[in-house]
$ cat work-v4.tsv   # TSV, C-alpha atoms
chain	number	residue	atom	x	y	z
A	1	MET	CA	50.08	11.16	-188.68
A	2	ARG	CA	48.20	7.89	-188.46
A	3	LYS	CA	49.18	5.95	-185.34
A	4	GLY	CA	50.84	2.57	-185.59
A	5	CYS	CA	49.77	-0.83	-184.32
A	6	THR	CA	51.18	-4.27	-183.70
A	7	LEU	CA	49.78	-7.14	-185.75
A	8	TRP	CA	50.72	-10.25	-183.86
A	9	PHE	CA	50.46	-13.44	-185.91
A	10	THR	CA	50.46	-16.61	-183.83
A	11	GLY	CA	50.00	-20.23	-184.84
A	12	LEU	CA	51.70	-23.54	-185.48
A	13	SER	CA	54.58	-23.95	-187.94
A	14	GLY	CA	53.18	-23.93	-191.48
A	15	SER	CA	49.90	-22.25	-190.53
A	16	GLY	CA	50.51	-19.29	-192.84
A	17	LYS	CA	51.94	-16.62	-190.51
A	18	SER	CA	54.96	-15.53	-192.57
A	19	THR	CA	53.18	-15.85	-195.91
A	20	LEU	CA	50.33	-13.66	-194.76
A	21	ALA	CA	52.67	-11.22	-193.01
A	22	GLN	CA	54.61	-10.69	-196.23
A	23	ALA	CA	51.49	-10.34	-198.37
A	24	LEU	CA	50.08	-7.88	-195.86
A	25	GLU	CA	53.32	-5.87	-195.83
A	26	LYS	CA	53.06	-5.45	-199.60
A	27	LYS	CA	49.42	-4.36	-199.44
A	28	LEU	CA	50.20	-1.84	-196.70
A	29	ARG	CA	53.19	-0.38	-198.54
A	30	ASN	CA	50.87	0.21	-201.48
A	31	ARG	CA	48.75	2.28	-199.12
A	32	GLU	CA	51.85	4.23	-198.05
A	33	VAL	CA	51.70	2.85	-194.54
A	34	ASN	CA	55.02	2.56	-192.65
A	35	VAL	CA	55.36	-1.15	-192.00
A	36	GLU	CA	57.98	-3.56	-190.67
A	37	VAL	CA	57.79	-7.36	-190.58
A	38	LEU	CA	59.56	-8.99	-187.64
A	39	ASP	CA	59.46	-12.63	-188.45
A	40	GLY	CA	60.84	-15.35	-186.27
A	41	ASP	CA	63.89	-16.02	-188.48
A	42	VAL	CA	64.91	-12.37	-188.87
A	43	ILE	CA	64.66	-11.87	-185.13
A	44	ARG	CA	66.57	-15.02	-184.28
A	45	THR	CA	69.38	-13.79	-186.54
A	46	ASN	CA	69.47	-10.16	-185.42
A	47	LEU	CA	68.22	-10.08	-181.85
A	48	SER	CA	68.26	-13.59	-180.47
A	49	LYS	CA	71.27	-15.43	-181.82
A	50	GLY	CA	72.27	-18.05	-179.28
A	51	LEU	CA	68.77	-18.59	-177.92
A	52	GLY	CA	67.32	-22.08	-178.29
A	53	PHE	CA	63.80	-23.46	-178.13
A	54	SER	CA	63.40	-24.16	-174.41
A	55	LYS	CA	60.40	-22.48	-172.80
A	56	GLU	CA	62.70	-19.90	-171.22
A	57	ASP	CA	64.49	-19.07	-174.46
A	58	ARG	CA	61.24	-18.92	-176.43
A	59	ASP	CA	59.84	-16.52	-173.85
A	60	ILE	CA	62.87	-14.23	-174.07
A	61	ASN	CA	62.65	-14.27	-177.86
A	62	ILE	CA	58.95	-13.37	-177.88
A	63	ARG	CA	59.47	-10.62	-175.30
A	64	ARG	CA	62.20	-9.10	-177.48
A	65	ILE	CA	59.92	-9.07	-180.50
A	66	GLY	CA	57.30	-7.39	-178.32
A	67	PHE	CA	59.79	-4.77	-177.14
A	68	VAL	CA	60.68	-3.83	-180.73
A	69	CYS	CA	57.03	-3.95	-181.88
A	70	ASN	CA	56.18	-1.50	-179.12
A	71	LEU	CA	58.98	0.92	-180.09
A	72	LEU	CA	57.74	0.87	-183.69
A	73	THR	CA	54.04	1.06	-182.83
A	74	ARG	CA	54.37	4.12	-180.64
A	75	ASN	CA	56.19	5.83	-183.50
A	76	GLY	CA	53.41	5.29	-185.99
A	77	VAL	CA	54.63	2.09	-187.65
A	78	VAL	CA	52.52	-1.00	-188.34
A	79	ALA	CA	54.75	-3.68	-186.79
A	80	ILE	CA	53.93	-7.18	-187.99
A	81	ALA	CA	55.23	-10.04	-185.83
A	82	ALA	CA	55.17	-13.54	-187.27
A	83	ALA	CA	56.42	-16.10	-184.78
A	84	ILE	CA	54.84	-19.28	-183.43
A	85	SER	CA	54.67	-17.63	-179.97
A	86	PRO	CA	53.11	-20.70	-178.36
A	87	TYR	CA	52.57	-19.37	-174.84
A	88	LYS	CA	49.51	-17.36	-173.97
A	89	ALA	CA	51.11	-15.62	-170.99
A	90	ILE	CA	53.93	-14.02	-173.00
A	91	ARG	CA	51.61	-12.96	-175.80
A	92	GLY	CA	49.53	-11.41	-173.03
A	93	GLU	CA	52.57	-9.54	-171.72
A	94	ASN	CA	53.18	-8.07	-175.15
A	95	ARG	CA	49.52	-7.11	-175.43
A	96	ALA	CA	49.79	-5.32	-172.08
A	97	LEU	CA	52.95	-3.54	-173.24
A	98	VAL	CA	51.51	-2.31	-176.54
A	99	GLY	CA	48.01	-1.62	-175.20
A	100	LYS	CA	44.91	-1.03	-177.34
A	101	ARG	CA	46.92	-1.12	-180.56
A	102	PHE	CA	47.78	-4.80	-180.23
A	103	VAL	CA	45.92	-6.97	-182.75
A	104	GLU	CA	46.26	-10.72	-182.29
A	105	ILE	CA	45.81	-12.71	-185.48
A	106	TYR	CA	45.39	-16.41	-184.86
A	107	CYS	CA	46.37	-18.65	-187.77
A	108	GLU	CA	44.22	-21.65	-187.03
A	109	CYS	CA	44.80	-24.92	-188.83
A	110	PRO	CA	44.38	-28.51	-187.61
A	111	LEU	CA	47.63	-30.26	-186.84
A	112	GLU	CA	46.59	-33.19	-189.09
A	113	GLU	CA	46.39	-30.83	-192.06
A	114	LEU	CA	49.79	-29.28	-191.28
A	115	GLU	CA	51.36	-32.71	-190.99
A	116	ARG	CA	49.77	-33.70	-194.28
A	117	ARG	CA	51.26	-30.66	-196.08
A	118	ASP	CA	54.61	-30.47	-194.26
A	119	PRO	CA	56.52	-28.82	-197.16
A	120	LYS	CA	59.79	-28.65	-195.22
A	121	GLY	CA	59.44	-32.11	-193.65
A	122	LEU	CA	59.68	-30.60	-190.17
A	123	TYR	CA	56.67	-32.38	-188.68
A	124	LYS	CA	57.96	-35.69	-190.00
A	125	LYS	CA	61.32	-35.08	-188.36
A	126	ALA	CA	59.65	-34.04	-185.12
A	127	ARG	CA	57.48	-37.21	-185.14
A	128	ALA	CA	60.63	-39.25	-185.71
A	129	GLY	CA	62.27	-37.53	-182.75
A	130	GLU	CA	64.93	-35.90	-184.93
A	131	ILE	CA	63.75	-32.46	-183.84
A	132	LYS	CA	63.05	-32.06	-180.13
A	133	GLY	CA	60.64	-29.59	-178.58
A	134	PHE	CA	58.65	-29.01	-181.76
A	135	THR	CA	55.50	-26.99	-181.11
A	136	GLY	CA	52.37	-29.12	-181.59
A	137	ILE	CA	54.27	-32.41	-181.42
A	138	ASP	CA	56.26	-32.56	-178.18
A	139	ASP	CA	55.92	-28.93	-177.09
A	140	PRO	CA	52.64	-27.19	-176.27
A	141	TYR	CA	50.75	-24.61	-178.29
A	142	GLU	CA	48.24	-22.53	-176.35
A	143	PRO	CA	45.71	-21.01	-178.78
A	144	PRO	CA	44.48	-17.47	-178.11
A	145	GLU	CA	41.08	-17.22	-176.41
A	146	HIS	CA	40.10	-13.82	-177.75
A	147	PRO	CA	42.08	-13.07	-180.90
A	148	GLU	CA	40.93	-9.97	-182.76
A	149	ILE	CA	41.16	-11.92	-186.02
A	150	THR	CA	41.20	-15.64	-186.80
A	151	ILE	CA	42.23	-16.97	-190.16
A	152	ASN	CA	42.18	-20.54	-191.34
A	153	SER	CA	44.32	-21.72	-194.22
A	154	MET	CA	42.30	-24.93	-194.60
A	155	THR	CA	38.88	-23.36	-195.13
A	156	GLU	CA	39.81	-20.12	-196.89
A	157	THR	CA	42.23	-18.89	-199.55
A	158	LYS	CA	45.13	-16.58	-198.81
A	159	GLU	CA	43.27	-13.77	-200.63
A	160	GLU	CA	40.20	-14.28	-198.46
A	161	SER	CA	42.27	-14.21	-195.27
A	162	LEU	CA	44.11	-11.11	-196.43
A	163	ALA	CA	40.90	-9.27	-197.32
A	164	ARG	CA	39.41	-10.04	-193.90
A	165	ILE	CA	42.53	-8.79	-192.11
A	166	LEU	CA	42.66	-5.59	-194.18
A	167	ARG	CA	38.96	-4.89	-193.73
A	168	THR	CA	39.20	-5.45	-189.98
A	169	LEU	CA	42.16	-3.05	-189.70
A	170	GLU	CA	40.29	-0.47	-191.77
A	171	LEU	CA	37.28	-0.72	-189.49
A	172	MET	CA	39.53	-0.46	-186.43
A	173	GLY	CA	40.91	2.75	-187.93
A	174	PHE	CA	44.49	1.46	-187.91
A	175	ILE	CA	45.04	1.64	-191.67
A	176	PRO	CA	43.68	3.94	-194.38
A	177	PRO	CA	41.34	2.58	-197.08
A	178	GLY	CA	43.03	1.22	-200.21
A	179	PRO	CA	42.77	2.64	-203.73
A	180	GLU	CA	39.99	0.12	-204.33
A	181	ALA	CA	37.49	-0.98	-201.71
A	182	THR	CA	38.52	-4.14	-199.86
A	183	GLU	CA	36.06	-6.75	-201.09
A	184	ILE	CA	34.64	-9.15	-198.56
A	185	PRO	CA	31.21	-10.84	-198.48
A	186	PRO	CA	28.52	-8.65	-196.82
A	187	ASP	CA	27.75	-11.24	-194.14
A	188	GLU	CA	31.42	-11.32	-193.22
A	189	GLU	CA	31.49	-7.55	-192.90
A	190	GLU	CA	28.62	-7.88	-190.43
A	191	THR	CA	30.47	-10.58	-188.49
A	192	ILE	CA	33.58	-8.40	-188.24
A	193	LYS	CA	31.58	-5.40	-187.06
A	194	LYS	CA	29.81	-7.49	-184.44
A	195	LYS	CA	33.12	-8.85	-183.18
A	196	LEU	CA	34.76	-5.40	-183.07
A	197	GLY	CA	31.73	-4.13	-181.17
A	198	GLU	CA	32.19	-6.88	-178.60
A	199	LEU	CA	35.90	-6.07	-178.32
A	200	GLY	CA	35.07	-2.40	-177.74
A	201	TYR	CA	36.47	-1.03	-181.01
A	202	LEU	CA	33.20	0.13	-182.59
B	1	MET	CA	57.25	13.46	-193.03
B	2	ARG	CA	60.76	14.34	-191.91
B	3	LYS	CA	63.08	11.36	-192.22
B	4	GLY	CA	64.71	9.86	-189.16
B	5	CYS	CA	68.35	9.43	-188.27
B	6	THR	CA	70.53	7.54	-185.82
B	7	LEU	CA	72.50	9.58	-183.29
B	8	TRP	CA	75.21	7.28	-182.06
B	9	PHE	CA	76.86	8.42	-178.82
B	10	THR	CA	80.14	6.69	-178.07
B	11	GLY	CA	82.66	7.26	-175.30
B	12	LEU	CA	84.04	5.99	-172.02
B	13	SER	CA	81.87	5.36	-168.97
B	14	GLY	CA	81.01	8.70	-167.37
B	15	SER	CA	81.77	10.77	-170.46
B	16	GLY	CA	78.23	12.14	-170.66
B	17	LYS	CA	76.53	9.89	-173.22
B	18	SER	CA	73.32	9.08	-171.32
B	19	THR	CA	72.99	12.53	-169.79
B	20	LEU	CA	73.24	14.20	-173.18
B	21	ALA	CA	71.00	11.60	-174.83
B	22	GLN	CA	68.25	12.28	-172.30
B	23	ALA	CA	68.58	16.05	-172.53
B	24	LEU	CA	68.50	15.78	-176.33
B	25	GLU	CA	65.41	13.57	-176.21
B	26	LYS	CA	63.59	16.26	-174.23
B	27	LYS	CA	64.61	19.03	-176.62
B	28	LEU	CA	63.53	16.97	-179.63
B	29	ARG	CA	60.16	16.07	-178.10
B	30	ASN	CA	59.58	19.80	-177.65
B	31	ARG	CA	60.09	20.12	-181.39
B	32	GLU	CA	57.56	17.34	-181.98
B	33	VAL	CA	60.19	15.00	-183.35
B	34	ASN	CA	59.60	11.25	-182.92
B	35	VAL	CA	62.50	10.13	-180.78
B	36	GLU	CA	63.62	7.00	-178.93
B	37	VAL	CA	66.62	6.63	-176.62
B	38	LEU	CA	68.27	3.21	-176.64
B	39	ASP	CA	70.70	3.36	-173.83
B	40	GLY	CA	73.03	0.58	-172.83
B	41	ASP	CA	71.07	-0.37	-169.70
B	42	VAL	CA	67.65	-0.44	-171.36
B	43	ILE	CA	69.02	-2.61	-174.14
B	44	ARG	CA	70.83	-4.98	-171.81
B	45	THR	CA	67.54	-5.50	-169.96
B	46	ASN	CA	65.25	-5.84	-172.96
B	47	LEU	CA	67.35	-7.19	-175.80
B	48	SER	CA	70.58	-8.54	-174.38
B	49	LYS	CA	69.91	-10.15	-171.04
B	50	GLY	CA	72.48	-12.87	-170.52
B	51	LEU	CA	75.21	-11.17	-172.54
B	52	GLY	CA	78.40	-10.25	-170.70
B	53	PHE	CA	81.24	-7.87	-171.44
B	54	SER	CA	83.58	-10.06	-173.50
B	55	LYS	CA	84.48	-8.64	-176.90
B	56	GLU	CA	82.10	-11.08	-178.56
B	57	ASP	CA	79.17	-10.24	-176.28
B	58	ARG	CA	79.80	-6.51	-176.55
B	59	ASP	CA	79.81	-6.81	-180.33
B	60	ILE	CA	76.49	-8.69	-180.35
B	61	ASN	CA	74.97	-6.08	-178.04
B	62	ILE	CA	76.12	-3.17	-180.22
B	63	ARG	CA	74.90	-4.90	-183.39
B	64	ARG	CA	71.46	-5.36	-181.81
B	65	ILE	CA	71.25	-1.69	-180.92
B	66	GLY	CA	72.23	-0.91	-184.51
B	67	PHE	CA	69.52	-3.24	-185.87
B	68	VAL	CA	66.82	-1.49	-183.83
B	69	CYS	CA	68.19	2.00	-184.62
B	70	ASN	CA	67.97	1.16	-188.31
B	71	LEU	CA	64.34	-0.04	-188.03
B	72	LEU	CA	63.43	3.20	-186.28
B	73	THR	CA	65.48	5.48	-188.54
B	74	ARG	CA	63.96	4.18	-191.77
B	75	ASN	CA	60.53	4.85	-190.28
B	76	GLY	CA	61.22	8.51	-189.57
B	77	VAL	CA	62.30	8.26	-185.93
B	78	VAL	CA	65.38	9.93	-184.42
B	79	ALA	CA	66.99	6.93	-182.70
B	80	ILE	CA	69.51	7.89	-180.04
B	81	ALA	CA	71.97	5.18	-178.99
B	82	ALA	CA	74.01	5.72	-175.85
B	83	ALA	CA	76.41	2.87	-175.22
B	84	ILE	CA	80.18	2.81	-174.71
B	85	SER	CA	80.52	0.90	-178.02
B	86	PRO	CA	84.30	0.67	-177.72
B	87	TYR	CA	85.10	-1.04	-181.02
B	88	LYS	CA	85.45	0.96	-184.21
B	89	ALA	CA	84.64	-1.96	-186.50
B	90	ILE	CA	81.19	-2.60	-185.05
B	91	ARG	CA	80.31	1.09	-184.97
B	92	GLY	CA	81.37	1.05	-188.62
B	93	GLU	CA	79.03	-1.88	-189.32
B	94	ASN	CA	76.14	0.06	-187.86
B	95	ARG	CA	77.09	3.11	-189.89
B	96	ALA	CA	77.06	0.97	-193.03
B	97	LEU	CA	73.65	-0.45	-192.08
B	98	VAL	CA	72.00	2.91	-191.42
B	99	GLY	CA	73.78	4.77	-194.24
B	100	LYS	CA	73.92	8.56	-194.63
B	101	ARG	CA	71.61	9.10	-191.68
B	102	PHE	CA	74.11	7.81	-189.13
B	103	VAL	CA	75.57	10.57	-186.96
B	104	GLU	CA	78.43	9.57	-184.68
B	105	ILE	CA	78.78	11.73	-181.57
B	106	TYR	CA	82.04	11.20	-179.77
B	107	CYS	CA	81.97	12.07	-176.07
B	108	GLU	CA	85.63	12.84	-175.52
B	109	CYS	CA	87.04	13.18	-172.03
B	110	PRO	CA	90.48	12.28	-170.67
B	111	LEU	CA	90.55	9.11	-168.63
B	112	GLU	CA	92.29	10.99	-165.77
B	113	GLU	CA	89.31	13.35	-165.50
B	114	LEU	CA	86.81	10.48	-165.51
B	115	GLU	CA	88.77	8.70	-162.80
B	116	ARG	CA	88.86	11.89	-160.77
B	117	ARG	CA	85.06	12.31	-160.95
B	118	ASP	CA	84.06	8.63	-160.77
B	119	PRO	CA	80.62	9.27	-159.15
B	120	LYS	CA	79.73	5.55	-159.06
B	121	GLY	CA	83.19	4.40	-157.99
B	122	LEU	CA	83.43	2.15	-161.05
B	123	TYR	CA	86.91	3.23	-162.14
B	124	LYS	CA	88.20	2.72	-158.62
B	125	LYS	CA	86.79	-0.80	-158.58
B	126	ALA	CA	88.24	-1.49	-162.03
B	127	ARG	CA	91.69	-0.26	-160.91
B	128	ALA	CA	91.43	-2.49	-157.86
B	129	GLY	CA	90.62	-5.45	-160.11
B	130	GLU	CA	87.12	-5.84	-158.64
B	131	ILE	CA	85.57	-5.24	-162.06
B	132	LYS	CA	87.23	-7.05	-164.95
B	133	GLY	CA	87.23	-5.94	-168.56
B	134	PHE	CA	86.38	-2.32	-167.81
B	135	THR	CA	86.69	-0.11	-170.88
B	136	GLY	CA	89.62	2.29	-170.58
B	137	ILE	CA	91.26	0.36	-167.74
B	138	ASP	CA	91.78	-3.25	-168.82
B	139	ASP	CA	89.67	-3.26	-171.99
B	140	PRO	CA	90.34	-1.10	-175.04
B	141	TYR	CA	88.43	1.93	-176.27
B	142	GLU	CA	88.93	2.83	-179.92
B	143	PRO	CA	87.98	6.48	-180.47
B	144	PRO	CA	86.22	7.39	-183.72
B	145	GLU	CA	88.43	8.89	-186.43
B	146	HIS	CA	85.77	10.91	-188.20
B	147	PRO	CA	82.86	11.52	-185.85
B	148	GLU	CA	80.28	13.97	-187.19
B	149	ILE	CA	80.22	15.67	-183.77
B	150	THR	CA	82.67	15.70	-180.86
B	151	ILE	CA	81.70	16.92	-177.44
B	152	ASN	CA	83.93	17.29	-174.41
B	153	SER	CA	82.49	17.40	-170.90
B	154	MET	CA	85.76	18.79	-169.49
B	155	THR	CA	86.02	21.89	-171.66
B	156	GLU	CA	82.35	22.70	-172.24
B	157	THR	CA	79.09	22.77	-170.31
B	158	LYS	CA	76.22	20.37	-171.00
B	159	GLU	CA	74.24	23.28	-172.48
B	160	GLU	CA	77.06	24.13	-174.85
B	161	SER	CA	77.38	20.52	-176.01
B	162	LEU	CA	73.64	20.25	-176.46
B	163	ALA	CA	73.45	23.48	-178.49
B	164	ARG	CA	76.23	22.30	-180.79
B	165	ILE	CA	74.54	18.94	-181.36
B	166	LEU	CA	71.17	20.58	-182.07
B	167	ARG	CA	72.66	23.16	-184.41
B	168	THR	CA	74.59	20.49	-186.31
B	169	LEU	CA	71.45	18.38	-186.75
B	170	GLU	CA	69.52	21.43	-187.93
B	171	LEU	CA	72.19	22.19	-190.51
B	172	MET	CA	72.20	18.55	-191.60
B	173	GLY	CA	68.45	18.87	-192.13
B	174	PHE	CA	67.67	15.99	-189.76
B	175	ILE	CA	65.63	18.03	-187.27
B	176	PRO	CA	63.38	21.08	-187.65
B	177	PRO	CA	64.41	24.42	-186.10
B	178	GLY	CA	63.25	24.99	-182.53
B	179	PRO	CA	60.76	27.64	-181.31
B	180	GLU	CA	63.77	29.84	-180.54
B	181	ALA	CA	66.98	29.89	-182.56
B	182	THR	CA	69.65	27.53	-181.24
B	183	GLU	CA	72.30	29.87	-179.87
B	184	ILE	CA	75.90	29.02	-180.54
B	185	PRO	CA	78.90	31.33	-180.97
B	186	PRO	CA	79.30	32.57	-184.59
B	187	ASP	CA	82.80	31.11	-184.93
B	188	GLU	CA	81.45	27.73	-183.87
B	189	GLU	CA	78.70	27.94	-186.47
B	190	GLU	CA	81.44	28.46	-189.07
B	191	THR	CA	83.41	25.49	-187.74
B	192	ILE	CA	80.32	23.24	-187.95
B	193	LYS	CA	79.58	24.36	-191.51
B	194	LYS	CA	83.16	23.76	-192.58
B	195	LYS	CA	83.09	20.28	-191.05
B	196	LEU	CA	79.74	19.40	-192.62
B	197	GLY	CA	81.10	20.61	-195.95
B	198	GLU	CA	84.07	18.26	-195.60
B	199	LEU	CA	81.76	15.40	-194.69
B	200	GLY	CA	79.63	16.08	-197.77
B	201	TYR	CA	76.50	17.29	-196.00
B	202	LEU	CA	76.56	20.92	-197.17

$ encode --input "work-v4.tsv" --output "structure tokens"
Amino acid sequence: MRKGCTLWFTGLSGSGKSTLAQALEKKLRNREVNVEVLDGDVIRTNLSKGLGFSKEDRDINIRRIGFVCNLLTRNGVVAIAAAISPYKAIRGENRALVGKRFVEIYCECPLEELERRDPKGLYKKARAGEIKGFTGIDDPYEPPEHPEITINSMTETKEESLARILRTLELMGFIPPGPEATEIPPDEEETIKKKLGELGYL
Amino acid sequence: MRKGCTLWFTGLSGSGKSTLAQALEKKLRNREVNVEVLDGDVIRTNLSKGLGFSKEDRDINIRRIGFVCNLLTRNGVVAIAAAISPYKAIRGENRALVGKRFVEIYCECPLEELERRDPKGLYKKARAGEIKGFTGIDDPYEPPEHPEITINSMTETKEESLARILRTLELMGFIPPGPEATEIPPDEEETIKKKLGELGYL
């Protein structure tokens, strides 16, 4: 049986974590991969009801997601976490727990762009002080220093991001190839291979 | 791949839940079954820190264990829960969540016997009022009405209980046969088959 992994999406609200996680889930199910998406909302309902958004409560929430991701990963499941997870130290704890099968996917996007889009009006409310402790506004976000994958919803389409994630996971050996080859530009394939070489995967 | 299941141990403190869960885990690993034990203490540390022993907090804790068992079960893992889980309604919720692959194992043992053994002195403290809300003393325990398996640590040895659980799971088709046949008395084999017939498994 193919071994599992944890795909840990991190990034500001609106940066594309849940959207990509869901699209990825669909692609992986088509490849008959066992996959579970643990997104922030599902977890807050089922594992973390009662927790708020203080640093302490956020940390507990992120540790719980890590605990479940690890249980799934060591049983051959691709566990996809999609939560802001703003603090580097706790993401690092989860990486240490899961080990070499932890793949950090940083959803990079400038705050200005996210505030411009703001489909749910959350940034506006946070700027107006109606929401307190909103990551990126009055609560910190610590970007990853060495994410395995970085995607950027301002400079690339969802399909491009998805293809790069899939191709990277194929090259890492964490997922089987799809029915059709994953199409990414040749120069990007080279960039991925170089990066995976640096990270010790290839 | 063989599909998973949830083995839900329920019973009073000291009735043998954790001991049997651990012994079962070992046996199943020997059969190359993917298995995870979610025992009350592990869960209270990793998923339920901060929760107490009020009815509400107990219910949340048991629902969380059920949520994780379901994630594991639908990905082919044998998830073993070992928690007092005193309330019938919440065990029923978890059964509904997991579906046909939920196996309730009732660890029956008279309270008098548990108080006589009391290796950790917990019952004594509960009787003295030093521990409040202790299941069986000043907090209710609602035994299951139709558990798939009942074990009794007063009338049978650990090995006998274990053999009956393994044989039942084999007959249910949830685990593969072991390297050697699971030995149980012929009349007990008949009793198990009759019970599984009534429950709709055979």

$ atom_distance --input "work-v4.tsv" --atom1 "CA of Ala79 in chain B" --atom2 "CA of Trp8 in chain B"
8.3 Å

$ atom_distance --input "work-v4.tsv" --atom1 "CA of Glu104 in chain A" --atom2 "CA of Leu20 in chain A"
13.4 Å

$ residues_around --input "work-v4.tsv" --residues "Thr73 in chain A" --least-positions-apart "3" --cutoff "9 Å" --atoms "all atoms listed in the file" --output "count of residues only"
14

$ closest_atom_pairs --input "work-v4.tsv" --of "chain A" --to "chain B" --cutoff "7 Å" --atoms "only C-alpha atoms" --output "Markdown table"
| residue | atom | partner | partner_atom | distance |
| --- | --- | --- | --- | --- |
| A:Asn34 | CA | B:Asn75 | CA | 6.4 |
| A:Asn46 | CA | B:Arg64 | CA | 6.3 |
| A:Leu47 | CA | B:Arg64 | CA | 5.7 |
| A:Arg64 | CA | B:Leu47 | CA | 5.7 |
| A:Phe67 | CA | B:Asn46 | CA | 7.0 |
| A:Leu72 | CA | B:Leu72 | CA | 6.7 |
| A:Asn75 | CA | B:Asn34 | CA | 6.4 |

$ atom_distance --input "work-v4.tsv" --atom1 "CA of Lys17 in chain B" --atom2 "CA of Ala82 in chain B"
5.5 Å

$ residues_around --input "work-v4.tsv" --residues "range 154-161 of chain B" --least-positions-apart "4" --cutoff "8 Å" --atoms "only C-alpha atoms" --output "CSV table (one decimal) with C-alpha atoms, in the coordinates of the input"
chain,number,residue,atom,x,y,z
B,20,LEU,CA,73.2,14.2,-173.2
B,109,CYS,CA,87.0,13.2,-172.0
B,113,GLU,CA,89.3,13.4,-165.5
B,165,ILE,CA,74.5,18.9,-181.4
B,184,ILE,CA,75.9,29.0,-180.5

$ residues_around --input "work-v4.tsv" --residues "Thr10 in chain B" --least-positions-apart "2" --cutoff "12 Å" --atoms "only C-alpha atoms" --output "PyMOL selection string"
chain B and resi 7-8+12-18+20-21+39-40+62+80-88+90-91+103-109+135+141-145+147-152

$ residues_near_point --input "work-v4.tsv" --point "(65.0, -27.8, -177.2)" --cutoff "9 Å" --atoms "only C-alpha atoms" --output "list in words"
Gly52, Phe53, Ser54, Lys55, Ile131, Lys132, Gly133 and Phe134 of chain A

$ residues_around --input "work-v4.tsv" --residues "Arg31 in chain A" --least-positions-apart "2" --cutoff "10 Å" --atoms "all atoms listed in the file" --output "PyMOL selection string"
chain A and resi 25-29+33-34+175-179

$ write_last_selection --input "work-v4.tsv" --atoms "C-alpha atoms" --output "PDB file, keeping the file's coordinate frame"
ATOM      1  CA  GLU A  25      53.320  -5.870-195.830  1.00  0.00           C
ATOM      2  CA  LYS A  26      53.060  -5.450-199.600  1.00  0.00           C
ATOM      3  CA  LYS A  27      49.420  -4.360-199.440  1.00  0.00           C
ATOM      4  CA  LEU A  28      50.200  -1.840-196.700  1.00  0.00           C
ATOM      5  CA  ARG A  29      53.190  -0.380-198.540  1.00  0.00           C
ATOM      6  CA  VAL A  33      51.700   2.850-194.540  1.00  0.00           C
ATOM      7  CA  ASN A  34      55.020   2.560-192.650  1.00  0.00           C
ATOM      8  CA  ILE A 175      45.040   1.640-191.670  1.00  0.00           C
ATOM      9  CA  PRO A 176      43.680   3.940-194.380  1.00  0.00           C
ATOM     10  CA  PRO A 177      41.340   2.580-197.080  1.00  0.00           C
ATOM     11  CA  GLY A 178      43.030   1.220-200.210  1.00  0.00           C
ATOM     12  CA  PRO A 179      42.770   2.640-203.730  1.00  0.00           C
TER      13      PRO A 179
END

$ closest_residue --input "work-v4.tsv" --among "B:Ile192, B:Leu202, B:Ile137, B:Ala89" --to "Arg167 in chain B" --atoms "all atoms listed in the file"
B:Ile192

$ closest_residue --input "work-v4.tsv" --among "A:Leu166, A:Val37, A:Ala181, A:Ala128" --to "Thr19 in chain A" --atoms "only C-alpha atoms"
A:Val37

$ closest_residue --input "work-v4.tsv" --among "B:Asp57, B:Thr182, B:Leu162, B:Met172" --to "Ala23 in chain B" --atoms "all atoms listed in the file"
B:Leu162
